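With mmCIF, C-alpha atoms inside, this is query-v1.cif:
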```cif
data_query
loop_
_atom_site.group_PDB
_atom_site.id
_atom_site.type_symbol
_atom_site.label_atom_id
_atom_site.label_comp_id
_atom_site.auth_asym_id
_atom_site.auth_seq_id
_atom_site.Cartn_x
_atom_site.Cartn_y
_atom_site.Cartn_z
ATOM 1 C CA MET Q 1 -131.388 -121.660 32.243
ATOM 2 C CA ILE Q 2 -127.773 -122.012 31.103
ATOM 3 C CA LEU Q 3 -128.908 -124.257 28.277
ATOM 4 C CA SER Q 4 -131.390 -121.624 27.057
ATOM 5 C CA LYS Q 5 -128.703 -119.007 26.223
ATOM 6 C CA PRO Q 6 -125.735 -119.273 23.858
ATOM 7 C CA PRO Q 7 -122.331 -119.946 25.506
ATOM 8 C CA THR Q 8 -121.089 -116.453 24.580
ATOM 9 C CA TYR Q 9 -123.826 -114.953 26.789
ATOM 10 C CA TRP Q 10 -122.395 -116.188 30.080
ATOM 11 C CA SER Q 11 -119.525 -115.164 32.323
ATOM 12 C CA TRP Q 12 -117.876 -118.561 32.631
ATOM 13 C CA LEU Q 13 -115.676 -117.380 35.476
ATOM 14 C CA GLY Q 14 -118.775 -116.397 37.460
ATOM 15 C CA LEU Q 15 -120.556 -119.625 36.588
ATOM 16 C CA SER Q 16 -117.468 -121.621 37.573
ATOM 17 C CA LEU Q 17 -117.755 -120.150 41.078
ATOM 18 C CA ASN Q 18 -121.494 -120.847 41.341
ATOM 19 C CA PRO Q 19 -122.138 -123.654 43.888
ATOM 20 C CA CYS Q 20 -125.411 -124.608 42.145
ATOM 21 C CA ILE Q 21 -123.648 -125.826 38.998
ATOM 22 C CA THR Q 22 -123.939 -129.611 38.708
ATOM 23 C CA THR Q 23 -121.555 -132.018 37.023
ATOM 24 C CA ASP Q 24 -124.192 -132.598 34.306
ATOM 25 C CA ILE Q 25 -124.152 -128.888 33.447
ATOM 26 C CA ILE Q 26 -120.348 -128.872 33.506
ATOM 27 C CA GLU Q 27 -120.261 -131.754 31.058
ATOM 28 C CA SER Q 28 -122.699 -129.963 28.732
ATOM 29 C CA PHE Q 29 -120.175 -127.141 28.235
ATOM 30 C CA ILE Q 30 -116.892 -128.938 28.905
ATOM 31 C CA SER Q 31 -114.636 -126.466 27.076
ATOM 32 C CA GLN Q 32 -116.080 -123.310 28.662
ATOM 33 C CA TRP Q 33 -115.254 -123.705 32.363
ATOM 34 C CA GLN Q 34 -112.585 -122.150 34.530
ATOM 35 C CA TRP Q 35 -111.511 -125.426 36.149
ATOM 36 C CA PHE Q 36 -109.351 -123.695 38.733
ATOM 37 C CA TYR Q 37 -112.507 -122.081 40.160
ATOM 38 C CA LEU Q 38 -114.674 -125.164 39.749
ATOM 39 C CA SER Q 39 -112.454 -126.793 42.397
ATOM 40 C CA THR Q 40 -114.605 -125.258 45.145
ATOM 41 C CA ASN Q 41 -117.873 -126.640 43.722
ATOM 42 C CA PRO Q 42 -119.707 -128.730 46.354
ATOM 43 C CA ASN Q 43 -121.277 -130.972 43.675
ATOM 44 C CA LEU Q 44 -118.012 -132.530 42.526
ATOM 45 C CA ASN Q 45 -117.033 -136.105 43.273
ATOM 46 C CA VAL Q 46 -113.781 -137.973 42.922
ATOM 47 C CA GLN Q 47 -114.995 -139.921 39.875
ATOM 48 C CA PHE Q 48 -115.684 -136.658 38.023
ATOM 49 C CA VAL Q 49 -112.275 -135.233 38.967
ATOM 50 C CA ARG Q 50 -110.574 -138.479 37.887
ATOM 51 C CA LYS Q 51 -112.434 -138.325 34.550
ATOM 52 C CA TYR Q 52 -111.102 -134.800 33.936
ATOM 53 C CA ILE Q 53 -107.766 -135.183 35.731
ATOM 54 C CA ASN Q 54 -105.885 -133.234 33.028
ATOM 55 C CA LYS Q 55 -107.915 -130.072 33.575
ATOM 56 C CA ASN Q 56 -106.438 -127.133 35.458
ATOM 57 C CA TRP Q 57 -107.725 -128.045 38.927
ATOM 58 C CA ASP Q 58 -106.785 -126.041 42.023
ATOM 59 C CA TRP Q 59 -105.628 -128.967 44.134
ATOM 60 C CA PHE Q 60 -105.483 -126.902 47.316
ATOM 61 C CA ASN Q 61 -109.194 -125.983 47.126
ATOM 62 C CA LEU Q 62 -110.148 -129.388 45.789
ATOM 63 C CA SER Q 63 -108.379 -131.074 48.736
ATOM 64 C CA CYS Q 64 -110.184 -129.012 51.371
ATOM 65 C CA ASN Q 65 -113.519 -129.132 49.530
ATOM 66 C CA PRO Q 66 -116.057 -130.959 51.747
ATOM 67 C CA CYS Q 67 -117.174 -132.973 48.712
ATOM 68 C CA MET Q 68 -113.908 -134.937 48.991
ATOM 69 C CA THR Q 69 -113.856 -137.558 51.732
ATOM 70 C CA PHE Q 70 -111.038 -139.422 53.424
ATOM 71 C CA ASN Q 71 -111.859 -142.545 51.392
ATOM 72 C CA ASP Q 72 -111.741 -140.519 48.157
ATOM 73 C CA VAL Q 73 -108.249 -139.288 48.936
ATOM 74 C CA ILE Q 74 -106.858 -142.588 50.248
ATOM 75 C CA SER Q 75 -108.363 -144.545 47.334
ATOM 76 C CA ASN Q 76 -106.685 -142.227 44.804
ATOM 77 C CA PRO Q 77 -103.050 -141.881 45.888
ATOM 78 C CA GLY Q 78 -101.918 -140.977 42.355
ATOM 79 C CA MET Q 79 -103.849 -137.720 42.410
ATOM 80 C CA PRO Q 80 -101.868 -134.643 43.496
ATOM 81 C CA TRP Q 81 -103.720 -134.019 46.748
ATOM 82 C CA ASN Q 82 -102.567 -131.131 48.909
ATOM 83 C CA TRP Q 83 -102.140 -132.568 52.418
ATOM 84 C CA ARG Q 84 -102.111 -129.183 54.157
ATOM 85 C CA ALA Q 85 -105.496 -128.412 52.582
ATOM 86 C CA PHE Q 86 -106.860 -131.912 53.175
ATOM 87 C CA SER Q 87 -105.900 -131.601 56.848
ATOM 88 C CA MET Q 88 -108.286 -128.596 56.935
ATOM 89 C CA ASN Q 89 -111.110 -130.542 55.295
ATOM 90 C CA PRO Q 90 -114.161 -130.735 57.587
ATOM 91 C CA ASN Q 91 -114.539 -134.432 56.678
ATOM 92 C CA VAL Q 92 -111.291 -135.150 58.521
ATOM 93 C CA THR Q 93 -112.241 -135.982 62.100
ATOM 94 C CA THR Q 94 -110.181 -136.756 65.174
ATOM 95 C CA ASP Q 95 -111.158 -140.428 64.792
ATOM 96 C CA ILE Q 96 -109.783 -140.498 61.239
ATOM 97 C CA ILE Q 97 -106.540 -138.834 62.309
ATOM 98 C CA GLU Q 98 -106.001 -141.115 65.289
ATOM 99 C CA ALA Q 99 -106.824 -144.255 63.280
ATOM 100 C CA ASN Q 100 -104.406 -143.254 60.503
ATOM 101 C CA GLN Q 101 -101.237 -142.154 62.259
ATOM 102 C CA TYR Q 102 -99.146 -143.535 59.376
ATOM 103 C CA ILE Q 103 -100.275 -140.567 57.259
ATOM 104 C CA GLU Q 104 -98.053 -137.500 57.412
ATOM 105 C CA TRP Q 105 -100.821 -135.125 58.417
ATOM 106 C CA ASP Q 106 -100.124 -131.420 58.163
ATOM 107 C CA TYR Q 107 -100.586 -130.274 61.746
ATOM 108 C CA LEU Q 108 -100.351 -126.595 60.812
ATOM 109 C CA GLY Q 109 -103.175 -127.102 58.301
ATOM 110 C CA MET Q 110 -105.172 -128.972 60.943
ATOM 111 C CA ASN Q 111 -105.252 -125.802 62.978
ATOM 112 C CA TYR Q 112 -108.027 -124.666 60.614
ATOM 113 C CA ASN Q 113 -110.012 -127.888 60.807
ATOM 114 C CA PRO Q 114 -113.316 -127.145 62.570
ATOM 115 C CA ASN Q 115 -113.513 -130.651 64.099
ATOM 116 C CA LEU Q 116 -110.402 -130.430 66.247
ATOM 117 C CA THR Q 117 -110.807 -129.517 69.874
ATOM 118 C CA PRO Q 118 -108.207 -127.749 72.014
ATOM 119 C CA GLU Q 119 -107.761 -131.047 73.892
ATOM 120 C CA PHE Q 120 -106.885 -132.856 70.671
ATOM 121 C CA LYS Q 121 -104.455 -130.099 69.677
ATOM 122 C CA ILE Q 122 -102.741 -130.254 73.060
ATOM 123 C CA LYS Q 123 -102.472 -134.056 72.803
ATOM 124 C CA TYR Q 124 -100.609 -133.789 69.492
ATOM 125 C CA ALA Q 125 -98.741 -130.526 70.146
ATOM 126 C CA HIS Q 126 -95.430 -132.393 69.929
ATOM 127 C CA LYS Q 127 -96.049 -133.027 66.201
ATOM 128 C CA ASN Q 128 -95.444 -129.396 65.240
ATOM 129 C CA PRO Q 129 -94.314 -126.626 67.624
ATOM 130 C CA LYS Q 130 -95.793 -123.889 65.409
ATOM 131 C CA TRP Q 131 -99.107 -125.722 65.467
ATOM 132 C CA ALA Q 132 -98.853 -125.952 69.245
ATOM 133 C CA ILE Q 133 -98.233 -122.223 69.572
ATOM 134 C CA ARG Q 134 -101.280 -121.385 67.453
ATOM 135 C CA SER Q 135 -103.409 -123.839 69.400
ATOM 136 C CA PHE Q 136 -102.321 -122.374 72.733
ATOM 137 C CA GLU Q 137 -102.992 -118.847 71.469
ATOM 138 C CA GLU Q 138 -106.614 -119.845 70.766
ATOM 139 C CA MET Q 139 -107.175 -120.983 74.303
ATOM 140 C CA SER Q 140 -107.825 -118.805 77.328
ATOM 141 C CA GLY Q 141 -105.455 -118.894 80.271
ATOM 142 C CA GLU Q 142 -107.983 -120.834 82.335
ATOM 143 C CA ALA Q 143 -108.499 -123.511 79.684
ATOM 144 C CA LEU Q 144 -104.757 -123.753 79.251
ATOM 145 C CA SER Q 145 -104.152 -124.331 82.954
ATOM 146 C CA VAL Q 146 -106.894 -126.998 83.107
ATOM 147 C CA MET Q 147 -105.432 -128.770 80.082
ATOM 148 C CA THR Q 148 -101.942 -128.676 81.565
ATOM 149 C CA PHE Q 149 -103.216 -130.159 84.812
ATOM 150 C CA ASN Q 150 -105.307 -132.856 83.096
ATOM 151 C CA TYR Q 151 -102.654 -134.174 80.714
ATOM 152 C CA LYS Q 152 -99.632 -133.953 83.019
ATOM 153 C CA GLU Q 153 -97.335 -134.541 80.078
ATOM 154 C CA ARG Q 154 -93.874 -133.230 80.690
ATOM 155 C CA LYS Q 155 -93.264 -132.176 77.089
ATOM 156 C CA ILE Q 156 -96.502 -130.210 76.948
ATOM 157 C CA ALA Q 157 -95.783 -128.545 80.268
ATOM 158 C CA GLU Q 158 -92.286 -127.636 79.054
ATOM 159 C CA ILE Q 159 -93.710 -126.093 75.891
ATOM 160 C CA ILE Q 160 -96.186 -124.088 77.960
ATOM 161 C CA ALA Q 161 -93.467 -122.950 80.353
ATOM 162 C CA THR Q 162 -91.232 -121.894 77.466
ATOM 163 C CA LEU Q 163 -94.077 -119.985 75.838
ATOM 164 C CA CYS Q 164 -94.846 -118.168 79.085
ATOM 165 C CA GLU Q 165 -91.215 -117.354 79.809
ATOM 166 C CA ASN Q 166 -90.488 -116.105 76.297
ATOM 167 C CA TRP Q 167 -93.804 -114.222 76.046
ATOM 168 C CA LEU Q 168 -94.607 -115.877 72.717
ATOM 169 C CA PHE Q 169 -98.121 -115.670 73.974
ATOM 170 C CA LYS Q 170 -99.555 -114.036 77.043
ATOM 171 C CA PRO Q 171 -102.419 -115.890 78.684
ATOM 172 C CA PRO Q 172 -104.742 -113.708 80.739
ATOM 173 C CA ASN Q 173 -103.957 -115.669 83.886
ATOM 174 C CA SER Q 174 -100.232 -116.476 83.554
ATOM 175 C CA VAL Q 175 -99.859 -116.824 87.343
ATOM 176 C CA ARG Q 176 -102.343 -119.729 87.322
ATOM 177 C CA VAL Q 177 -100.482 -121.420 84.459
ATOM 178 C CA ARG Q 178 -97.173 -121.080 86.320
ATOM 179 C CA LEU Q 179 -98.755 -122.536 89.495
ATOM 180 C CA ASP Q 180 -100.111 -125.540 87.578
ATOM 181 C CA ILE Q 181 -96.689 -126.177 86.030
ATOM 182 C CA ALA Q 182 -95.121 -125.921 89.476
ATOM 183 C CA PHE Q 183 -97.748 -128.352 90.807
ATOM 184 C CA LEU Q 184 -96.612 -130.900 88.222
ATOM 185 C CA GLY Q 185 -93.157 -130.761 89.778
ATOM 186 C CA LEU Q 186 -91.397 -129.410 86.687
#
```
Can I see the file as structure tokens?
Amino acid sequence: MILSKPPTYWSWLGLSLNPCITTDIIESFISQWQWFYLSTNPNLNVQFVRKYINKNWDWFNLSCNPCMTFNDVISNPGMPWNWRAFSMNPNVTTDIIEANQYIEWDYLGMNYNPNLTPEFKIKYAHKNPKWAIRSFEEMSGEALSVMTFNYKERKIAEIIATLCENWLFKPPNSVRVRLDIAFLGL
């Protein structure tokens, strides 16, 4: 359909945001696109981005775009990936994170990754206190007390105790959380 109308007919900004646009169509009208907005297109691949590396990409949206995989990012270290956004990418799993601890993951960005469980966030809460606070806020008081009891990690328990005492967050069952911390002998 795009090919049947002259280029002046189309709103290229609107087309750039259309998820049905393929890389073949993009290449047919290479000078027309709003590359910043194409960054969210699910049909992109790293080879296409590399081919047009000098275009005005939005590296934040490109990094969290599900079309980009862990292997794409690791195999192209010269590209200006946004690690906060890539940490949000749904292709980043707990297995990938744990197997690649040498990477400086953005733990605040990970808070928006749909694959991460509260248990995983508690396990790595020491990586970023702000990330820990947001993770604890997501959890109910009951889940928080169970997690505290299961992990029995002094640092995590101290963070929880500090949060409770300073009212940075208010779990619905703060008495239970305090009892679990006391049970740990802290």
Picked residues, the PyMOL selection byres ((chain Q and resi 91) around 7), expected as an mmCIF file with C-alpha atoms, in the frame of the given file:
```cif
data_model
loop_
_atom_site.group_PDB
_atom_site.id
_atom_site.type_symbol
_atom_site.label_atom_id
_atom_site.label_comp_id
_atom_site.auth_asym_id
_atom_site.auth_seq_id
_atom_site.Cartn_x
_atom_site.Cartn_y
_atom_site.Cartn_z
ATOM 1 C CA PRO Q 66 -116.057 -130.959 51.747
ATOM 2 C CA THR Q 69 -113.856 -137.558 51.732
ATOM 3 C CA PHE Q 70 -111.038 -139.422 53.424
ATOM 4 C CA ASN Q 89 -111.110 -130.542 55.295
ATOM 5 C CA PRO Q 90 -114.161 -130.735 57.587
ATOM 6 C CA VAL Q 92 -111.291 -135.150 58.521
ATOM 7 C CA THR Q 93 -112.241 -135.982 62.100
#
```
Once the PyMOL selection byres ((chain Q and resi 14) around 10) is applied to the coordinates I shared, what remains selected? I want it as an MDAnalysis selection string. chainID Q and resid 10:13 15:18 33:34 37:38
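As for atom CA of Thr23 of chain Q and atom CA of Ser87 of chain Q, they are spaced 25.3 Å apart.
Distance check against Asn41 of chain Q using all atoms listed in the file: of Q:Asn71, Q:Asn111, Q:Thr117, Q:Thr22, the minimum falls on Q:Thr22.
Between atom CA of Cys20 of chain Q and atom CA of Ser75 of chain Q there is a distance of 26.7 Å.
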